[in-house]
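Enquirer: Right, I'll just put the structure down here and ask away after.
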Amino acid sequence: PCIRLTLRRTAPMPSLAFLSAVRLGSAHLGAVSRFRAARAQKPAAPSHRNRTSVTMTSAVSVTVEEARELLFGDGGGKGKPGGFVYLDVRTSKEFHEQHVVDAVNIPVADMTPNGPQPLKGFVNDVNRAFPGKSQTFVVGCLSGARSEKAVALLVADGWPPTNLLDLQGGFRKYNNEFTPDGKPRAKPGVWKDNGPVTWTDS
């Protein structure tokens, strides 16, 4: 009888080098996955207190509570080395009605029946009062629109964005929470030095 032999080509056995490469590749992919997962869970952006080490392309905004701390707390204030100055960009009339203690008033716009009109000398006035572009400011207006414009003008002139902290809500919100010298305002239902506050207090 005739015997037919069928030859089948089988894949060669993988070498030890090949198996090692596969194991290393899997480990690398696992490391990449872990890195991406860790990067996705990176901490939130630093607060204004340590943002000076971060490259900033736009101004930082601060709450009224943060502004109060910077102006009247440990952050310093006008006349103290490295202290913050409150730059009030409202009109002179608004400023003289009420303002933050030790604030500097340099209007960014004039209020007209047609709305605020930019004042061309604003940037020059700031540079003349604070030469060197090294002063740090809390920039405020009435509600936030003019201070945002003021910050943009100063950044365009070369001021470091980290030196310009835009006050969220402006002086109106600040004045609701604090007195001009940084003392918390009494709230309805909260005690104060001369006795309990009633709901009729304003």
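FYI, nothing fancy with the structure tokens labels: chains A, B, ... in order, residues from 1 per chain, ligands from 1 as they appear.
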DSSP on the backbone: which residues in region 75-117 of chain A end up as alpha helix (DSSP H)? Give the answer as a list in words.
Expert: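 Filtering region 75-117 of chain A down to alpha helix (DSSP H) leaves Ser92, Lys93, Glu94, Phe95, His96 and Glu97 of chain A.
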Enquirer: List as a PDB file with all heavy atoms, in the first residue's frame the protein and nucleic acid residues near region 174-183 of chain A, meaning an atom at most 12 Å away when only C-alpha atoms are counted, but skip any in the same chain fewer than 2 places from it.
Expert:
ATOM      1  N   VAL A  62      -9.547  87.450  41.681  1.00  0.00           N
ATOM      2  CA  VAL A  62      -9.602  87.129  43.097  1.00  0.00           C
ATOM      3  C   VAL A  62     -10.974  87.474  43.637  1.00  0.00           C
ATOM      4  O   VAL A  62     -11.647  88.381  43.146  1.00  0.00           O
ATOM      5  CB  VAL A  62      -8.526  87.888  43.904  1.00  0.00           C
ATOM      6  CG1 VAL A  62      -7.145  87.365  43.603  1.00  0.00           C
ATOM      7  CG2 VAL A  62      -8.593  89.387  43.652  1.00  0.00           C
ATOM      8  N   THR A  63     -11.387  86.733  44.648  1.00  0.00           N
ATOM      9  CA  THR A  63     -12.653  87.019  45.308  1.00  0.00           C
ATOM     10  C   THR A  63     -12.474  88.205  46.248  1.00  0.00           C
ATOM     11  O   THR A  63     -11.351  88.621  46.550  1.00  0.00           O
ATOM     12  CB  THR A  63     -13.131  85.803  46.103  1.00  0.00           C
ATOM     13  OG1 THR A  63     -12.195  85.547  47.167  1.00  0.00           O
ATOM     14  CG2 THR A  63     -13.216  84.564  45.211  1.00  0.00           C
ATOM     15  N   VAL A  64     -13.590  88.730  46.753  1.00  0.00           N
ATOM     16  CA  VAL A  64     -13.498  89.854  47.680  1.00  0.00           C
ATOM     17  C   VAL A  64     -12.823  89.418  48.983  1.00  0.00           C
ATOM     18  O   VAL A  64     -12.117  90.208  49.621  1.00  0.00           O
ATOM     19  CB  VAL A  64     -14.891  90.453  47.955  1.00  0.00           C
ATOM     20  CG1 VAL A  64     -15.451  91.093  46.695  1.00  0.00           C
ATOM     21  CG2 VAL A  64     -15.857  89.414  48.508  1.00  0.00           C
ATOM     22  N   GLU A  65     -13.018  88.154  49.377  1.00  0.00           N
ATOM     23  CA  GLU A  65     -12.370  87.650  50.585  1.00  0.00           C
ATOM     24  C   GLU A  65     -10.854  87.588  50.412  1.00  0.00           C
ATOM     25  O   GLU A  65     -10.090  87.951  51.308  1.00  0.00           O
ATOM     26  CB  GLU A  65     -12.915  86.268  50.939  1.00  0.00           C
ATOM     27  CG  GLU A  65     -14.362  86.241  51.399  1.00  0.00           C
ATOM     28  CD  GLU A  65     -15.341  86.281  50.229  1.00  0.00           C
ATOM     29  OE1 GLU A  65     -14.896  86.122  49.069  1.00  0.00           O
ATOM     30  OE2 GLU A  65     -16.545  86.478  50.464  1.00  0.00           O
ATOM     31  N   GLU A  66     -10.415  87.127  49.245  1.00  0.00           N
ATOM     32  CA  GLU A  66      -8.985  87.067  48.968  1.00  0.00           C
ATOM     33  C   GLU A  66      -8.390  88.466  48.881  1.00  0.00           C
ATOM     34  O   GLU A  66      -7.287  88.719  49.377  1.00  0.00           O
ATOM     35  CB  GLU A  66      -8.741  86.300  47.671  1.00  0.00           C
ATOM     36  CG  GLU A  66      -9.046  84.818  47.764  1.00  0.00           C
ATOM     37  CD  GLU A  66      -8.996  84.123  46.417  1.00  0.00           C
ATOM     38  OE1 GLU A  66      -9.334  84.755  45.400  1.00  0.00           O
ATOM     39  OE2 GLU A  66      -8.617  82.945  46.376  1.00  0.00           O
ATOM     40  N   ALA A  67      -9.130  89.381  48.259  1.00  0.00           N
ATOM     41  CA  ALA A  67      -8.652  90.758  48.137  1.00  0.00           C
ATOM     42  C   ALA A  67      -8.496  91.397  49.512  1.00  0.00           C
ATOM     43  O   ALA A  67      -7.498  92.084  49.783  1.00  0.00           O
ATOM     44  CB  ALA A  67      -9.620  91.573  47.283  1.00  0.00           C
ATOM     45  N   ARG A  68      -9.464  91.177  50.369  1.00  0.00           N
ATOM     46  CA  ARG A  68      -9.399  91.745  51.716  1.00  0.00           C
ATOM     47  C   ARG A  68      -8.165  91.223  52.453  1.00  0.00           C
ATOM     48  O   ARG A  68      -7.475  91.968  53.147  1.00  0.00           O
ATOM     49  CB  ARG A  68     -10.683  91.403  52.470  1.00  0.00           C
ATOM     50  CG  ARG A  68     -10.753  92.009  53.867  1.00  0.00           C
ATOM     51  CD  ARG A  68     -10.309  91.015  54.917  1.00  0.00           C
ATOM     52  NE  ARG A  68     -10.221  91.622  56.228  1.00  0.00           N
ATOM     53  CZ  ARG A  68      -9.560  91.114  57.249  1.00  0.00           C
ATOM     54  NH1 ARG A  68      -8.905  89.974  57.095  1.00  0.00           N
ATOM     55  NH2 ARG A  68      -9.524  91.719  58.406  1.00  0.00           N
ATOM     56  N   GLU A  69      -7.857  89.936  52.313  1.00  0.00           N
ATOM     57  CA  GLU A  69      -6.695  89.351  52.974  1.00  0.00           C
ATOM     58  C   GLU A  69      -5.402  89.949  52.433  1.00  0.00           C
ATOM     59  O   GLU A  69      -4.471  90.246  53.195  1.00  0.00           O
ATOM     60  CB  GLU A  69      -6.686  87.843  52.773  1.00  0.00           C
ATOM     61  CG  GLU A  69      -5.498  87.134  53.422  1.00  0.00           C
ATOM     62  CD  GLU A  69      -5.480  85.647  53.158  1.00  0.00           C
ATOM     63  OE1 GLU A  69      -6.513  85.121  52.708  1.00  0.00           O
ATOM     64  OE2 GLU A  69      -4.433  85.020  53.368  1.00  0.00           O
ATOM     65  N   LEU A  70      -5.337  90.134  51.127  1.00  0.00           N
ATOM     66  CA  LEU A  70      -4.129  90.685  50.520  1.00  0.00           C
ATOM     67  C   LEU A  70      -3.911  92.145  50.897  1.00  0.00           C
ATOM     68  O   LEU A  70      -2.772  92.594  51.063  1.00  0.00           O
ATOM     69  CB  LEU A  70      -4.207  90.554  49.000  1.00  0.00           C
ATOM     70  CG  LEU A  70      -4.143  89.127  48.436  1.00  0.00           C
ATOM     71  CD1 LEU A  70      -4.464  89.140  46.955  1.00  0.00           C
ATOM     72  CD2 LEU A  70      -2.776  88.517  48.679  1.00  0.00           C
ATOM     73  N   LEU A  71      -5.003  92.887  51.046  1.00  0.00           N
ATOM     74  CA  LEU A  71      -4.890  94.319  51.319  1.00  0.00           C
ATOM     75  C   LEU A  71      -4.723  94.641  52.805  1.00  0.00           C
ATOM     76  O   LEU A  71      -4.008  95.574  53.164  1.00  0.00           O
ATOM     77  CB  LEU A  71      -6.126  95.040  50.777  1.00  0.00           C
ATOM     78  CG  LEU A  71      -6.299  95.026  49.255  1.00  0.00           C
ATOM     79  CD1 LEU A  71      -7.689  95.509  48.882  1.00  0.00           C
ATOM     80  CD2 LEU A  71      -5.234  95.878  48.586  1.00  0.00           C
ATOM     81  N   PHE A  72      -5.383  93.858  53.654  1.00  0.00           N
ATOM     82  CA  PHE A  72      -5.389  94.185  55.073  1.00  0.00           C
ATOM     83  C   PHE A  72      -4.899  93.052  55.979  1.00  0.00           C
ATOM     84  O   PHE A  72      -4.781  93.235  57.179  1.00  0.00           O
ATOM     85  CB  PHE A  72      -6.804  94.586  55.509  1.00  0.00           C
ATOM     86  CG  PHE A  72      -7.333  95.777  54.771  1.00  0.00           C
ATOM     87  CD1 PHE A  72      -8.281  95.626  53.768  1.00  0.00           C
ATOM     88  CD2 PHE A  72      -6.865  97.045  55.057  1.00  0.00           C
ATOM     89  CE1 PHE A  72      -8.770  96.726  53.080  1.00  0.00           C
ATOM     90  CE2 PHE A  72      -7.342  98.160  54.375  1.00  0.00           C
ATOM     91  CZ  PHE A  72      -8.290  97.997  53.385  1.00  0.00           C
ATOM     92  N   GLY A  73      -4.603  91.901  55.400  1.00  0.00           N
ATOM     93  CA  GLY A  73      -4.125  90.789  56.196  1.00  0.00           C
ATOM     94  C   GLY A  73      -2.626  90.653  56.099  1.00  0.00           C
ATOM     95  O   GLY A  73      -1.891  91.641  56.022  1.00  0.00           O
ATOM     96  N   GLY A  77       0.051  95.454  51.985  1.00  0.00           N
ATOM     97  CA  GLY A  77      -0.790  96.610  51.744  1.00  0.00           C
ATOM     98  C   GLY A  77       0.071  97.764  51.283  1.00  0.00           C
ATOM     99  O   GLY A  77       1.284  97.644  51.131  1.00  0.00           O
ATOM    100  N   TYR A  86      -4.637  98.598  46.092  1.00  0.00           N
ATOM    101  CA  TYR A  86      -5.949  98.544  45.433  1.00  0.00           C
ATOM    102  C   TYR A  86      -5.985  99.657  44.383  1.00  0.00           C
ATOM    103  O   TYR A  86      -5.961 100.846  44.722  1.00  0.00           O
ATOM    104  CB  TYR A  86      -7.072  98.729  46.448  1.00  0.00           C
ATOM    105  CG  TYR A  86      -8.455  98.509  45.872  1.00  0.00           C
ATOM    106  CD1 TYR A  86      -9.111  97.293  46.043  1.00  0.00           C
ATOM    107  CD2 TYR A  86      -9.101  99.507  45.145  1.00  0.00           C
ATOM    108  CE1 TYR A  86     -10.381  97.087  45.510  1.00  0.00           C
ATOM    109  CE2 TYR A  86     -10.353  99.304  44.606  1.00  0.00           C
ATOM    110  CZ  TYR A  86     -10.987  98.094  44.790  1.00  0.00           C
ATOM    111  OH  TYR A  86     -12.237  97.884  44.262  1.00  0.00           O
ATOM    112  N   PHE A  95     -15.137 107.393  43.138  1.00  0.00           N
ATOM    113  CA  PHE A  95     -14.090 107.137  44.121  1.00  0.00           C
ATOM    114  C   PHE A  95     -14.300 107.984  45.376  1.00  0.00           C
ATOM    115  O   PHE A  95     -14.165 107.483  46.501  1.00  0.00           O
ATOM    116  CB  PHE A  95     -12.726 107.435  43.494  1.00  0.00           C
ATOM    117  CG  PHE A  95     -11.562 107.198  44.418  1.00  0.00           C
ATOM    118  CD1 PHE A  95     -11.075 105.914  44.618  1.00  0.00           C
ATOM    119  CD2 PHE A  95     -10.944 108.259  45.075  1.00  0.00           C
ATOM    120  CE1 PHE A  95      -9.995 105.678  45.461  1.00  0.00           C
ATOM    121  CE2 PHE A  95      -9.859 108.038  45.916  1.00  0.00           C
ATOM    122  CZ  PHE A  95      -9.385 106.748  46.116  1.00  0.00           C
ATOM    123  N   GLU A  97     -16.990 109.203  46.554  1.00  0.00           N
ATOM    124  CA  GLU A  97     -18.189 108.828  47.298  1.00  0.00           C
ATOM    125  C   GLU A  97     -17.868 107.764  48.344  1.00  0.00           C
ATOM    126  O   GLU A  97     -18.336 107.822  49.478  1.00  0.00           O
ATOM    127  CB  GLU A  97     -19.276 108.328  46.345  1.00  0.00           C
ATOM    128  CG  GLU A  97     -19.908 109.442  45.513  1.00  0.00           C
ATOM    129  CD  GLU A  97     -20.888 108.903  44.492  1.00  0.00           C
ATOM    130  OE1 GLU A  97     -20.980 107.656  44.336  1.00  0.00           O
ATOM    131  OE2 GLU A  97     -21.565 109.721  43.830  1.00  0.00           O
ATOM    132  N   GLN A  98     -17.066 106.795  47.966  1.00  0.00           N
ATOM    133  CA  GLN A  98     -16.622 105.746  48.888  1.00  0.00           C
ATOM    134  C   GLN A  98     -15.581 104.875  48.183  1.00  0.00           C
ATOM    135  O   GLN A  98     -15.705 104.590  46.989  1.00  0.00           O
ATOM    136  CB  GLN A  98     -17.789 104.865  49.354  1.00  0.00           C
ATOM    137  CG  GLN A  98     -17.448 104.010  50.566  1.00  0.00           C
ATOM    138  CD  GLN A  98     -18.649 103.248  51.098  1.00  0.00           C
ATOM    139  OE1 GLN A  98     -19.584 102.936  50.344  1.00  0.00           O
ATOM    140  NE2 GLN A  98     -18.649 102.954  52.383  1.00  0.00           N
ATOM    141  N   HIS A  99     -14.568 104.464  48.937  1.00  0.00           N
ATOM    142  CA  HIS A  99     -13.516 103.640  48.346  1.00  0.00           C
ATOM    143  C   HIS A  99     -12.779 102.867  49.434  1.00  0.00           C
ATOM    144  O   HIS A  99     -12.896 103.167  50.624  1.00  0.00           O
ATOM    145  CB  HIS A  99     -12.527 104.496  47.555  1.00  0.00           C
ATOM    146  CG  HIS A  99     -11.847 105.554  48.377  1.00  0.00           C
ATOM    147  ND1 HIS A  99     -12.332 106.845  48.465  1.00  0.00           N
ATOM    148  CD2 HIS A  99     -10.730 105.514  49.162  1.00  0.00           C
ATOM    149  CE1 HIS A  99     -11.544 107.556  49.257  1.00  0.00           C
ATOM    150  NE2 HIS A  99     -10.566 106.766  49.698  1.00  0.00           N
ATOM    151  N   VAL A 100     -12.016 101.881  49.001  1.00  0.00           N
ATOM    152  CA  VAL A 100     -11.194 101.090  49.912  1.00  0.00           C
ATOM    153  C   VAL A 100     -10.094 101.976  50.485  1.00  0.00           C
ATOM    154  O   VAL A 100      -9.507 102.801  49.769  1.00  0.00           O
ATOM    155  CB  VAL A 100     -10.570  99.886  49.166  1.00  0.00           C
ATOM    156  CG1 VAL A 100      -9.568  99.148  50.050  1.00  0.00           C
ATOM    157  CG2 VAL A 100     -11.661  98.926  48.712  1.00  0.00           C
ATOM    158  N   VAL A 101      -9.835 101.832  51.766  1.00  0.00           N
ATOM    159  CA  VAL A 101      -8.792 102.624  52.428  1.00  0.00           C
ATOM    160  C   VAL A 101      -7.449 102.410  51.722  1.00  0.00           C
ATOM    161  O   VAL A 101      -7.078 101.278  51.382  1.00  0.00           O
ATOM    162  CB  VAL A 101      -8.690 102.231  53.912  1.00  0.00           C
ATOM    163  CG1 VAL A 101      -7.456 102.854  54.558  1.00  0.00           C
ATOM    164  CG2 VAL A 101      -9.943 102.661  54.655  1.00  0.00           C
ATOM    165  N   ASP A 102      -6.740 103.502  51.491  1.00  0.00           N
ATOM    166  CA  ASP A 102      -5.418 103.521  50.848  1.00  0.00           C
ATOM    167  C   ASP A 102      -5.459 103.164  49.369  1.00  0.00           C
ATOM    168  O   ASP A 102      -4.404 102.916  48.757  1.00  0.00           O
ATOM    169  CB  ASP A 102      -4.436 102.582  51.555  1.00  0.00           C
ATOM    170  CG  ASP A 102      -3.986 103.129  52.907  1.00  0.00           C
ATOM    171  OD1 ASP A 102      -4.004 104.357  53.078  1.00  0.00           O
ATOM    172  OD2 ASP A 102      -3.620 102.325  53.782  1.00  0.00           O
ATOM    173  N   ALA A 103      -6.657 103.123  48.775  1.00  0.00           N
ATOM    174  CA  ALA A 103      -6.757 102.822  47.345  1.00  0.00           C
ATOM    175  C   ALA A 103      -6.195 103.986  46.525  1.00  0.00           C
ATOM    176  O   ALA A 103      -6.184 105.142  46.969  1.00  0.00           O
ATOM    177  CB  ALA A 103      -8.202 102.566  46.948  1.00  0.00           C
ATOM    178  N   VAL A 138      -4.539  94.863  43.274  1.00  0.00           N
ATOM    179  CA  VAL A 138      -5.902  94.355  43.171  1.00  0.00           C
ATOM    180  C   VAL A 138      -6.640  95.426  42.380  1.00  0.00           C
ATOM    181  O   VAL A 138      -6.722  96.579  42.819  1.00  0.00           O
ATOM    182  CB  VAL A 138      -6.549  94.152  44.551  1.00  0.00           C
ATOM    183  CG1 VAL A 138      -8.026  93.808  44.391  1.00  0.00           C
ATOM    184  CG2 VAL A 138      -5.834  93.047  45.319  1.00  0.00           C
ATOM    185  N   GLY A 140      -9.933  97.054  40.763  1.00  0.00           N
ATOM    186  CA  GLY A 140     -11.383  97.002  40.938  1.00  0.00           C
ATOM    187  C   GLY A 140     -12.079  98.194  40.331  1.00  0.00           C
ATOM    188  O   GLY A 140     -11.519  99.292  40.247  1.00  0.00           O
ATOM    189  N   CYS A 141     -13.330  97.960  39.914  1.00  0.00           N
ATOM    190  CA  CYS A 141     -14.198  99.051  39.469  1.00  0.00           C
ATOM    191  C   CYS A 141     -15.504  98.917  40.250  1.00  0.00           C
ATOM    192  O   CYS A 141     -15.489  98.543  41.422  1.00  0.00           O
ATOM    193  CB  CYS A 141     -14.410  99.010  37.962  1.00  0.00           C
ATOM    194  SG  CYS A 141     -15.158  97.468  37.359  1.00  0.00           S
ATOM    195  N   LEU A 142     -16.631  99.167  39.634  1.00  0.00           N
ATOM    196  CA  LEU A 142     -17.896  99.037  40.363  1.00  0.00           C
ATOM    197  C   LEU A 142     -18.367  97.593  40.397  1.00  0.00           C
ATOM    198  O   LEU A 142     -18.706  97.055  41.451  1.00  0.00           O
ATOM    199  CB  LEU A 142     -18.974  99.930  39.747  1.00  0.00           C
ATOM    200  CG  LEU A 142     -20.349  99.879  40.433  1.00  0.00           C
ATOM    201  CD1 LEU A 142     -20.232 100.342  41.883  1.00  0.00           C
ATOM    202  CD2 LEU A 142     -21.368 100.724  39.676  1.00  0.00           C
ATOM    203  N   SER A 143     -18.377  96.940  39.227  1.00  0.00           N
ATOM    204  CA  SER A 143     -18.907  95.574  39.179  1.00  0.00           C
ATOM    205  C   SER A 143     -18.008  94.584  38.451  1.00  0.00           C
ATOM    206  O   SER A 143     -18.272  93.394  38.473  1.00  0.00           O
ATOM    207  CB  SER A 143     -20.289  95.576  38.509  1.00  0.00           C
ATOM    208  OG  SER A 143     -20.199  96.103  37.191  1.00  0.00           O
ATOM    209  N   GLY A 144     -16.950  95.051  37.786  1.00  0.00           N
ATOM    210  CA  GLY A 144     -16.017  94.123  37.169  1.00  0.00           C
ATOM    211  C   GLY A 144     -15.702  94.347  35.708  1.00  0.00           C
ATOM    212  O   GLY A 144     -14.690  93.857  35.207  1.00  0.00           O
ATOM    213  N   LEU A 167     -10.558  92.037  40.604  1.00  0.00           N
ATOM    214  CA  LEU A 167     -11.506  91.810  41.699  1.00  0.00           C
ATOM    215  C   LEU A 167     -12.859  91.353  41.154  1.00  0.00           C
ATOM    216  O   LEU A 167     -13.532  92.095  40.443  1.00  0.00           O
ATOM    217  CB  LEU A 167     -11.681  93.079  42.527  1.00  0.00           C
ATOM    218  CG  LEU A 167     -12.630  92.987  43.717  1.00  0.00           C
ATOM    219  CD1 LEU A 167     -12.140  91.954  44.723  1.00  0.00           C
ATOM    220  CD2 LEU A 167     -12.801  94.350  44.374  1.00  0.00           C
ATOM    221  N   GLN A 168     -13.257  90.147  41.499  1.00  0.00           N
ATOM    222  CA  GLN A 168     -14.539  89.603  41.053  1.00  0.00           C
ATOM    223  C   GLN A 168     -15.690  90.366  41.720  1.00  0.00           C
ATOM    224  O   GLN A 168     -15.730  90.489  42.933  1.00  0.00           O
ATOM    225  CB  GLN A 168     -14.645  88.126  41.413  1.00  0.00           C
ATOM    226  CG  GLN A 168     -13.641  87.224  40.738  1.00  0.00           C
ATOM    227  CD  GLN A 168     -13.751  85.784  41.208  1.00  0.00           C
ATOM    228  OE1 GLN A 168     -14.677  85.418  41.921  1.00  0.00           O
ATOM    229  NE2 GLN A 168     -12.793  84.969  40.836  1.00  0.00           N
ATOM    230  N   GLY A 169     -16.604  90.874  40.904  1.00  0.00           N
ATOM    231  CA  GLY A 169     -17.759  91.580  41.452  1.00  0.00           C
ATOM    232  C   GLY A 169     -17.519  93.034  41.763  1.00  0.00           C
ATOM    233  O   GLY A 169     -18.456  93.774  42.058  1.00  0.00           O
ATOM    234  N   GLY A 170     -16.249  93.471  41.703  1.00  0.00           N
ATOM    235  CA  GLY A 170     -15.933  94.875  41.892  1.00  0.00           C
ATOM    236  C   GLY A 170     -16.172  95.392  43.305  1.00  0.00           C
ATOM    237  O   GLY A 170     -16.418  94.642  44.255  1.00  0.00           O
ATOM    238  N   PHE A 171     -16.111  96.733  43.420  1.00  0.00           N
ATOM    239  CA  PHE A 171     -16.269  97.379  44.732  1.00  0.00           C
ATOM    240  C   PHE A 171     -17.669  97.165  45.290  1.00  0.00           C
ATOM    241  O   PHE A 171     -17.853  97.116  46.515  1.00  0.00           O
ATOM    242  CB  PHE A 171     -15.967  98.877  44.610  1.00  0.00           C
ATOM    243  CG  PHE A 171     -16.106  99.613  45.914  1.00  0.00           C
ATOM    244  CD1 PHE A 171     -15.164  99.469  46.918  1.00  0.00           C
ATOM    245  CD2 PHE A 171     -17.197 100.448  46.144  1.00  0.00           C
ATOM    246  CE1 PHE A 171     -15.291 100.137  48.130  1.00  0.00           C
ATOM    247  CE2 PHE A 171     -17.327 101.123  47.346  1.00  0.00           C
ATOM    248  CZ  PHE A 171     -16.376 100.974  48.341  1.00  0.00           C
ATOM    249  N   ARG A 172     -18.636  97.049  44.431  1.00  0.00           N
ATOM    250  CA  ARG A 172     -20.009  96.835  44.908  1.00  0.00           C
ATOM    251  C   ARG A 172     -20.104  95.570  45.746  1.00  0.00           C
ATOM    252  O   ARG A 172     -20.661  95.580  46.854  1.00  0.00           O
ATOM    253  CB  ARG A 172     -20.970  96.750  43.719  1.00  0.00           C
ATOM    254  CG  ARG A 172     -22.413  96.417  44.110  1.00  0.00           C
ATOM    255  CD  ARG A 172     -23.267  96.281  42.858  1.00  0.00           C
ATOM    256  NE  ARG A 172     -23.454  97.577  42.216  1.00  0.00           N
ATOM    257  CZ  ARG A 172     -23.818  97.731  40.948  1.00  0.00           C
ATOM    258  NH1 ARG A 172     -23.976  96.654  40.177  1.00  0.00           N
ATOM    259  NH2 ARG A 172     -23.990  98.931  40.439  1.00  0.00           N
ATOM    260  N   ARG A 185     -18.627  93.139  57.439  1.00  0.00           N
ATOM    261  CA  ARG A 185     -19.895  93.789  57.752  1.00  0.00           C
ATOM    262  C   ARG A 185     -20.810  92.806  58.481  1.00  0.00           C
ATOM    263  O   ARG A 185     -20.822  91.616  58.180  1.00  0.00           O
ATOM    264  CB  ARG A 185     -20.579  94.292  56.480  1.00  0.00           C
ATOM    265  CG  ARG A 185     -19.856  95.468  55.827  1.00  0.00           C
ATOM    266  CD  ARG A 185     -20.723  96.115  54.764  1.00  0.00           C
ATOM    267  NE  ARG A 185     -20.042  97.221  54.109  1.00  0.00           N
ATOM    268  CZ  ARG A 185     -19.956  98.462  54.598  1.00  0.00           C
ATOM    269  NH1 ARG A 185     -20.530  98.738  55.762  1.00  0.00           N
ATOM    270  NH2 ARG A 185     -19.314  99.405  53.937  1.00  0.00           N
ATOM    271  N   ALA A 186     -21.563  93.326  59.424  1.00  0.00           N
ATOM    272  CA  ALA A 186     -22.514  92.500  60.156  1.00  0.00           C
ATOM    273  C   ALA A 186     -23.640  92.074  59.226  1.00  0.00           C
ATOM    274  O   ALA A 186     -24.112  92.853  58.395  1.00  0.00           O
ATOM    275  CB  ALA A 186     -23.081  93.278  61.339  1.00  0.00           C
ATOM    276  N   LYS A 187     -24.049  90.816  59.345  1.00  0.00           N
ATOM    277  CA  LYS A 187     -25.114  90.271  58.527  1.00  0.00           C
ATOM    278  C   LYS A 187     -26.365  90.058  59.376  1.00  0.00           C
ATOM    279  O   LYS A 187     -26.276  89.833  60.581  1.00  0.00           O
ATOM    280  CB  LYS A 187     -24.680  88.931  57.905  1.00  0.00           C
ATOM    281  CG  LYS A 187     -23.475  89.037  56.988  1.00  0.00           C
ATOM    282  CD  LYS A 187     -23.783  89.894  55.779  1.00  0.00           C
ATOM    283  CE  LYS A 187     -22.576  89.968  54.860  1.00  0.00           C
ATOM    284  NZ  LYS A 187     -22.840  90.803  53.677  1.00  0.00           N
ATOM    285  N   LYS A 192     -22.977  91.158  66.622  1.00  0.00           N
ATOM    286  CA  LYS A 192     -21.925  92.140  66.414  1.00  0.00           C
ATOM    287  C   LYS A 192     -21.536  92.713  67.769  1.00  0.00           C
ATOM    288  O   LYS A 192     -22.133  92.383  68.804  1.00  0.00           O
ATOM    289  CB  LYS A 192     -22.377  93.241  65.456  1.00  0.00           C
ATOM    290  CG  LYS A 192     -23.623  94.003  65.889  1.00  0.00           C
ATOM    291  CD  LYS A 192     -24.015  95.022  64.828  1.00  0.00           C
ATOM    292  CE  LYS A 192     -25.297  95.765  65.215  1.00  0.00           C
ATOM    293  NZ  LYS A 192     -25.704  96.744  64.192  1.00  0.00           N
ATOM    294  N   SER A 202     -29.588  97.128  58.498  1.00  0.00           N
ATOM    295  CA  SER A 202     -29.172  97.218  57.101  1.00  0.00           C
ATOM    296  C   SER A 202     -27.737  97.659  57.026  1.00  0.00           C
ATOM    297  O   SER A 202     -27.150  98.041  58.009  1.00  0.00           O
ATOM    298  CB  SER A 202     -30.074  98.197  56.331  1.00  0.00           C
ATOM    299  OG  SER A 202     -29.998  99.486  56.916  1.00  0.00           O
TER     300      SER A 202
END
Enquirer: I'd like the neighbourhood of region 105-116 of chain A as number ranges by chain, where a residue qualifies if any of its atoms comes within 12 Å (using only C-alpha atoms), though same-chain residues fewer than 4 positions away should be ignored.
Expert: A: 85-96, 98-101, 120-130, 137-142, 145-154
Enquirer: Using only C-alpha atoms, pick whichever of A:Val104, A:Lys173, A:Pro184, A:Ala59 has the shortest atom-to-atom distance to Phe84 (chain A).
Expert: A:Val104
Enquirer: Quick one: pick out all strand (DSSP E) residues within region 56-130 of chain A from a backbone DSSP run and write them as a count of residues only.
Expert: 18
Enquirer: Which is closer to Ser134 (chain A) than all the others in A:Val60, A:Gly158, A:Leu119, A:Asp166, using only C-alpha atoms?
Expert: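 The closest residue to Ser134 (chain A) is A:Gly158.
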